[in-house]
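One file, model38.cif, is given below (mmCIF, C-alpha atoms and all ligand atoms).
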data_target
#
loop_
_atom_site.group_PDB
_atom_site.id
_atom_site.type_symbol
_atom_site.label_atom_id
_atom_site.label_comp_id
_atom_site.auth_asym_id
_atom_site.auth_seq_id
_atom_site.Cartn_x
_atom_site.Cartn_y
_atom_site.Cartn_z
ATOM 1 C CA MET G 286 -147.665 214.305 77.423
ATOM 2 C CA ILE G 287 -144.721 215.834 79.267
ATOM 3 C CA ARG G 288 -143.061 213.126 81.335
ATOM 4 C CA THR G 289 -140.602 213.380 84.218
ATOM 5 C CA ILE G 290 -136.976 213.236 83.106
ATOM 6 C CA LEU G 291 -134.988 210.955 85.431
ATOM 7 C CA THR G 292 -131.897 212.486 86.983
ATOM 8 C CA TYR G 293 -128.544 211.258 88.256
ATOM 9 C CA PRO G 294 -128.013 209.004 90.239
ATOM 10 C CA ASN G 295 -131.247 207.186 89.269
ATOM 11 C CA PRO G 296 -130.152 203.586 88.491
ATOM 12 C CA GLU G 297 -132.551 203.424 85.509
ATOM 13 C CA LEU G 298 -130.105 205.696 83.662
ATOM 14 C CA LYS G 299 -127.387 203.030 83.937
ATOM 15 C CA LYS G 300 -129.362 200.279 82.171
ATOM 16 C CA LYS G 301 -128.785 199.247 78.582
ATOM 17 C CA SER G 302 -131.744 199.752 76.235
ATOM 18 C CA ALA G 303 -133.107 197.107 73.873
ATOM 19 C CA PRO G 304 -133.476 197.535 70.106
ATOM 20 C CA VAL G 305 -136.939 198.400 68.806
ATOM 21 C CA THR G 306 -138.216 195.417 66.825
ATOM 22 C CA VAL G 307 -141.498 196.862 65.521
ATOM 23 C CA ILE G 308 -142.506 200.517 65.305
ATOM 24 C CA THR G 309 -145.848 200.357 67.052
ATOM 25 C CA ASP G 310 -148.293 203.034 68.210
ATOM 26 C CA SER G 311 -146.662 202.895 71.629
ATOM 27 C CA ILE G 312 -143.293 203.806 70.058
ATOM 28 C CA ARG G 313 -144.941 206.690 68.172
ATOM 29 C CA GLU G 314 -146.542 207.834 71.428
ATOM 30 C CA LEU G 315 -143.179 207.535 73.201
ATOM 31 C CA VAL G 316 -141.520 209.757 70.572
ATOM 32 C CA GLN G 317 -144.331 212.312 70.930
ATOM 33 C CA ASP G 318 -143.870 212.373 74.718
ATOM 34 C CA MET G 319 -140.093 212.564 74.340
ATOM 35 C CA ALA G 320 -140.413 215.576 72.029
ATOM 36 C CA GLU G 321 -142.849 217.372 74.345
ATOM 37 C CA SER G 322 -140.636 216.662 77.354
ATOM 38 C CA MET G 323 -137.456 217.788 75.561
ATOM 39 C CA TYR G 324 -138.956 221.036 74.232
ATOM 40 C CA ALA G 325 -140.505 221.834 77.633
ATOM 41 C CA ALA G 326 -137.212 221.315 79.488
ATOM 42 C CA PRO G 327 -135.831 222.832 77.142
ATOM 43 C CA GLY G 328 -133.062 220.652 75.761
ATOM 44 C CA VAL G 329 -131.432 219.739 72.446
ATOM 45 C CA GLY G 330 -131.647 215.957 72.806
ATOM 46 C CA LEU G 331 -133.329 213.200 74.751
ATOM 47 C CA ALA G 332 -133.038 209.426 74.898
ATOM 48 C CA ALA G 333 -135.895 207.095 75.881
ATOM 49 C CA PRO G 334 -134.133 205.729 79.004
ATOM 50 C CA GLN G 335 -134.171 209.263 80.436
ATOM 51 C CA LEU G 336 -137.938 208.718 80.740
ATOM 52 C CA GLY G 337 -137.364 205.242 82.197
ATOM 53 C CA ILE G 338 -138.168 203.495 78.878
ATOM 54 C CA HIS G 339 -135.369 201.141 77.857
ATOM 55 C CA GLN G 340 -135.845 201.176 74.098
ATOM 56 C CA ARG G 341 -133.242 202.390 71.604
ATOM 57 C CA VAL G 342 -134.924 205.665 70.634
ATOM 58 C CA ILE G 343 -133.323 209.118 70.636
ATOM 59 C CA ILE G 344 -134.450 212.542 69.497
ATOM 60 C CA ILE G 345 -132.354 215.619 68.737
ATOM 61 C CA ASP G 346 -133.204 219.184 67.762
ATOM 62 C CA ILE G 347 -130.261 221.550 67.548
ATOM 63 C CA SER G 348 -132.124 224.309 65.675
ATOM 64 C CA GLY G 349 -131.550 227.781 67.100
ATOM 65 C CA LYS G 350 -134.042 229.849 69.072
ATOM 66 C CA ASN G 351 -135.193 231.837 66.056
ATOM 67 C CA GLU G 352 -135.259 228.912 63.627
ATOM 68 C CA PRO G 353 -138.159 226.532 62.983
ATOM 69 C CA PRO G 354 -137.956 223.250 64.922
ATOM 70 C CA ASP G 355 -136.031 220.486 63.159
ATOM 71 C CA LEU G 356 -136.670 217.260 65.025
ATOM 72 C CA ILE G 357 -134.501 214.237 64.327
ATOM 73 C CA VAL G 358 -135.984 210.910 65.429
ATOM 74 C CA ALA G 359 -133.493 208.036 65.371
ATOM 75 C CA ILE G 360 -134.572 204.490 66.218
ATOM 76 C CA ASN G 361 -131.859 201.861 66.822
ATOM 77 C CA PRO G 362 -129.139 204.423 65.957
ATOM 78 C CA LYS G 363 -125.637 203.162 65.196
ATOM 79 C CA ILE G 364 -122.417 205.071 64.622
ATOM 80 C CA VAL G 365 -120.969 203.415 61.520
ATOM 81 C CA HIS G 366 -118.047 205.813 61.038
ATOM 82 C CA ALA G 367 -116.274 208.345 63.242
ATOM 83 C CA GLU G 368 -113.308 210.641 62.709
ATOM 84 C CA GLY G 369 -111.521 213.602 64.242
ATOM 85 C CA ASP G 370 -111.541 214.729 67.835
ATOM 86 C CA ALA G 371 -113.800 217.173 69.649
ATOM 87 C CA TYR G 372 -113.667 218.559 73.179
ATOM 88 C CA GLU G 373 -116.754 220.674 73.797
ATOM 89 C CA GLU G 374 -118.788 221.545 76.864
ATOM 90 C CA GLU G 375 -121.807 219.291 77.413
ATOM 91 C CA GLY G 376 -124.758 219.265 79.729
ATOM 92 C CA CYS G 377 -127.622 216.830 80.135
ATOM 93 C CA LEU G 378 -131.237 217.086 81.266
ATOM 94 C CA SER G 379 -130.500 214.112 83.537
ATOM 95 C CA VAL G 380 -127.526 215.897 85.140
ATOM 96 C CA PRO G 381 -128.976 219.293 86.059
ATOM 97 C CA ASP G 382 -126.769 222.239 87.011
ATOM 98 C CA TYR G 383 -123.561 220.681 85.739
ATOM 99 C CA ALA G 384 -121.548 221.035 82.540
ATOM 100 C CA ALA G 385 -118.105 219.816 81.522
ATOM 101 C CA ASN G 386 -115.951 219.324 78.458
ATOM 102 C CA VAL G 387 -116.041 215.822 77.024
ATOM 103 C CA LYS G 388 -113.752 214.067 74.528
ATOM 104 C CA ARG G 389 -115.765 213.001 71.490
ATOM 105 C CA ARG G 390 -115.299 212.341 67.794
ATOM 106 C CA ALA G 391 -115.693 215.435 65.601
ATOM 107 C CA ARG G 392 -117.608 213.805 62.743
ATOM 108 C CA VAL G 393 -119.818 210.737 62.789
ATOM 109 C CA THR G 394 -121.961 208.858 60.307
ATOM 110 C CA VAL G 395 -125.113 207.553 61.971
ATOM 111 C CA LYS G 396 -127.561 205.035 60.575
ATOM 112 C CA ALA G 397 -131.001 204.619 62.147
ATOM 113 C CA LEU G 398 -134.639 204.004 61.357
ATOM 114 C CA ASP G 399 -137.075 206.890 61.223
ATOM 115 C CA LEU G 400 -140.628 206.700 62.594
ATOM 116 C CA GLU G 401 -141.825 205.192 59.299
ATOM 117 C CA GLY G 402 -139.268 202.390 59.616
ATOM 118 C CA ALA G 403 -137.138 203.707 56.743
ATOM 119 C CA GLU G 404 -133.352 203.604 57.090
ATOM 120 C CA ARG G 405 -131.792 207.050 57.383
ATOM 121 C CA THR G 406 -128.157 208.129 57.318
ATOM 122 C CA TRP G 407 -126.810 211.329 58.843
ATOM 123 C CA GLN G 408 -123.328 212.725 58.191
ATOM 124 C CA ALA G 409 -123.008 214.783 61.340
ATOM 125 C CA GLU G 410 -120.399 217.261 62.490
ATOM 126 C CA ASP G 411 -120.009 219.874 65.226
ATOM 127 C CA LEU G 412 -122.918 220.072 67.677
ATOM 128 C CA LEU G 413 -124.984 217.446 65.832
ATOM 129 C CA ALA G 414 -122.134 214.910 65.917
ATOM 130 C CA ILE G 415 -121.716 215.464 69.659
ATOM 131 C CA ALA G 416 -125.473 215.244 70.251
ATOM 132 C CA PHE G 417 -125.668 211.882 68.454
ATOM 133 C CA GLN G 418 -122.776 210.492 70.527
ATOM 134 C CA HIS G 419 -124.241 211.846 73.779
ATOM 135 C CA GLU G 420 -127.735 210.445 73.112
ATOM 136 C CA ILE G 421 -126.527 207.063 71.826
ATOM 137 C CA ASP G 422 -124.431 206.768 75.009
ATOM 138 C CA HIS G 423 -127.666 207.044 77.036
ATOM 139 C CA LEU G 424 -128.929 203.896 75.271
ATOM 140 C CA ASP G 425 -125.923 202.045 76.694
ATOM 141 C CA GLY G 426 -126.379 203.459 80.193
ATOM 142 C CA ILE G 427 -123.546 205.975 79.824
ATOM 143 C CA LEU G 428 -123.793 209.590 80.997
ATOM 144 C CA PHE G 429 -121.416 212.331 79.862
ATOM 145 C CA VAL G 430 -119.971 212.475 83.371
ATOM 146 C CA ASP G 431 -118.795 208.870 82.887
ATOM 147 C CA HIS G 432 -116.303 210.224 80.328
ATOM 148 C CA LEU G 433 -114.641 212.609 82.781
ATOM 149 C CA SER G 434 -111.237 211.994 84.322
ATOM 150 C CA THR G 435 -111.318 210.273 87.718
ATOM 151 C CA LEU G 436 -110.515 213.526 89.495
ATOM 152 C CA LYS G 437 -113.211 215.532 87.685
ATOM 153 C CA ARG G 438 -115.761 212.760 88.189
ATOM 154 C CA GLU G 439 -115.050 212.656 91.919
ATOM 155 C CA LEU G 440 -115.538 216.418 92.131
ATOM 156 C CA PHE G 441 -118.831 216.051 90.259
ATOM 157 C CA GLN G 442 -119.998 213.211 92.540
ATOM 158 C CA ARG G 443 -119.137 215.230 95.648
ATOM 159 C CA LYS G 444 -121.113 218.203 94.278
ATOM 160 C CA ALA G 445 -124.073 215.952 93.403
ATOM 161 C CA ARG G 446 -124.098 214.351 96.877
ATOM 162 C CA LYS G 447 -124.023 217.783 98.485
ATOM 163 C CA ALA G 448 -126.911 218.995 96.311
ATOM 164 C CA ALA G 449 -128.915 215.857 97.191
ATOM 165 C CA GLU G 450 -128.308 216.446 100.916
ATOM 166 C CA GLU G 451 -129.421 220.053 100.590
ATOM 167 C CA ARG G 452 -132.654 218.938 98.932
ATOM 168 C CA ARG G 453 -133.388 216.517 101.788
HETATM 169 NI NI NI H 1 -128.129 213.561 78.175
#

Please re-express this file's structure in structure tokens.
Amino acid sequence: MIRTILTYPNPELKKKSAPVTVITDSIRELVQDMAESMYAAPGVGLAAPQLGIHQRVIIIDISGKNEPPDLIVAINPKIVHAEGDAYEEEGCLSVPDYAANVKRRARVTVKALDLEGAERTWQAEDLLAIAFQHEIDHLDGILFVDHLSTLKRELFQRKARKAAEERR
């Protein structure tokens, strides 16, 4: 089922998510809904809190338009190693119509459980490394705009307030 993706400044996006203790049918259903919602948007990643569910579950699919889908499901993901610096443009389904460059690590090693409860390790670089960092941030209530300089963030907030007023 495609669910509504919450958008800035919804306070649900600022909450910290709890670790998944048991992979139940409701977690499997959540992942299914997350995937449908992400592909419909379309986007390259989604975290459970973006649907208002505060569980540590993220999905990522950075496959290209003409490639078969390659869905990564990461439950309780943790960055266990990070190196190098990246500064690439990011967007977010929860921050529509806005993109900005964000300082990240260039390469990360991520450990997580898959849907079967098996431990998986990803050595990620480039877009995948950034996607992992972006999605894991969501689990801690952090949006990419929180990484911007004060000046840039104020410009973003002004733009967001204006857009909200125009919608009213
Ligand atoms: Ni996002």

- Reference answer for the PyMOL selection byres (((not hetatm)) within 10 of (chain H and resi 1)), as a PyMOL selection string: chain G and resi 292+298+328-332+334-335+375-381+416+418-423+427-430

For this session: Run the PyMOL selection byres (((chain G and resi 344) around 9) and not hetatm) against the file shown and list the residues it catches, as a PyMOL selection string.
Result: chain G and resi 316+319-320+323+329-333+342-343+345-346+356-360+417+420

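One distance worth recording is that between atom CA of Thr289 of chain G and atom CA of Gly337 of chain G, which is 9.0 Å.
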
Show which residues sit within 9 Å of Ile415 of chain G, as a compact mmCIF listing (two decimals) with C-alpha atoms, in the coordinates of the input. Count only C-alpha atoms, and ignore same-chain residues fewer than 3 positions away.
# COMPACT_ATOMS: atom_id res chain seq x y z
CA ALA G 371 -113.80 217.17 69.65
CA GLU G 373 -116.75 220.67 73.80
CA GLU G 375 -121.81 219.29 77.41
CA ARG G 389 -115.76 213.00 71.49
CA ARG G 390 -115.30 212.34 67.79
CA ALA G 391 -115.69 215.44 65.60
CA ARG G 392 -117.61 213.80 62.74
CA VAL G 393 -119.82 210.74 62.79
CA ALA G 409 -123.01 214.78 61.34
CA GLU G 410 -120.40 217.26 62.49
CA ASP G 411 -120.01 219.87 65.23
CA LEU G 412 -122.92 220.07 67.68
CA GLN G 418 -122.78 210.49 70.53
CA HIS G 419 -124.24 211.85 73.78
CA GLU G 420 -127.74 210.44 73.11

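Going from atom CA of Tyr293 of chain G to atom CA of Ala445 of chain G covers 8.3 Å.
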
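With distances restricted to all atoms listed in the file, G:Ala414 is the closest residue to Ala367 of chain G from G:Ala414, G:Asp318, G:Pro353, G:Tyr383.
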
> Using only C-alpha atoms, which residues sit within 12 Å of Lys437 of chain G once same-chain residues fewer than 4 positions away are excluded, as a list in words?
Replying inline: Tyr383, Ala384, Ala385, Asn386, Val387, Phe429, Val430, Asp431, His432, Leu433, Phe441, Gln442, Arg443 and Lys444 of chain G

- Query: Could you list as an MDAnalysis selection string every residue that has an atom within 9 Å of (-129.1, 201.8, 83.8), using the file's coordinates and counting all atoms listed in the file?
  - Reply: chainID G and resid 295:302 334 339 423:427

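Residues surrounding Glu401 of chain G within 12 Å are Val307, Ile308, Thr309, Asp310, Ile312, Arg313, Val358, Ala359, Ile360, Ala397, Leu398, Glu404 and Arg405 of chain G [all atoms listed in the file; sequence separation below 3 positions excluded].
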
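One finds atom CA of Lys388 of chain G at 16.4 Å from atom CA of His366 of chain G.
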
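Distances to Asp399 of chain G were evaluated for G:Ala448, G:Ile338, G:Val305, G:Ile364 using only C-alpha atoms, and the minimum falls at G:Val305.
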
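Residue nearest Asn361 of chain G, chosen from G:Lys396, G:Arg452, G:Arg341, G:Arg446 and counting only C-alpha atoms: G:Arg341.
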
Around all the atoms of segment 313-321 of chain G listed in the file, draw an axis-aligned box and extend it by 3 Å on each of the six sides; I want its centre and edge lengths in Å to one decimal, as lines of an AutoDock Vina configuration file.
center_x = -143.3
center_y = 212.0
center_z = 71.4
size_x = 12.4
size_y = 16.7
size_z = 12.5
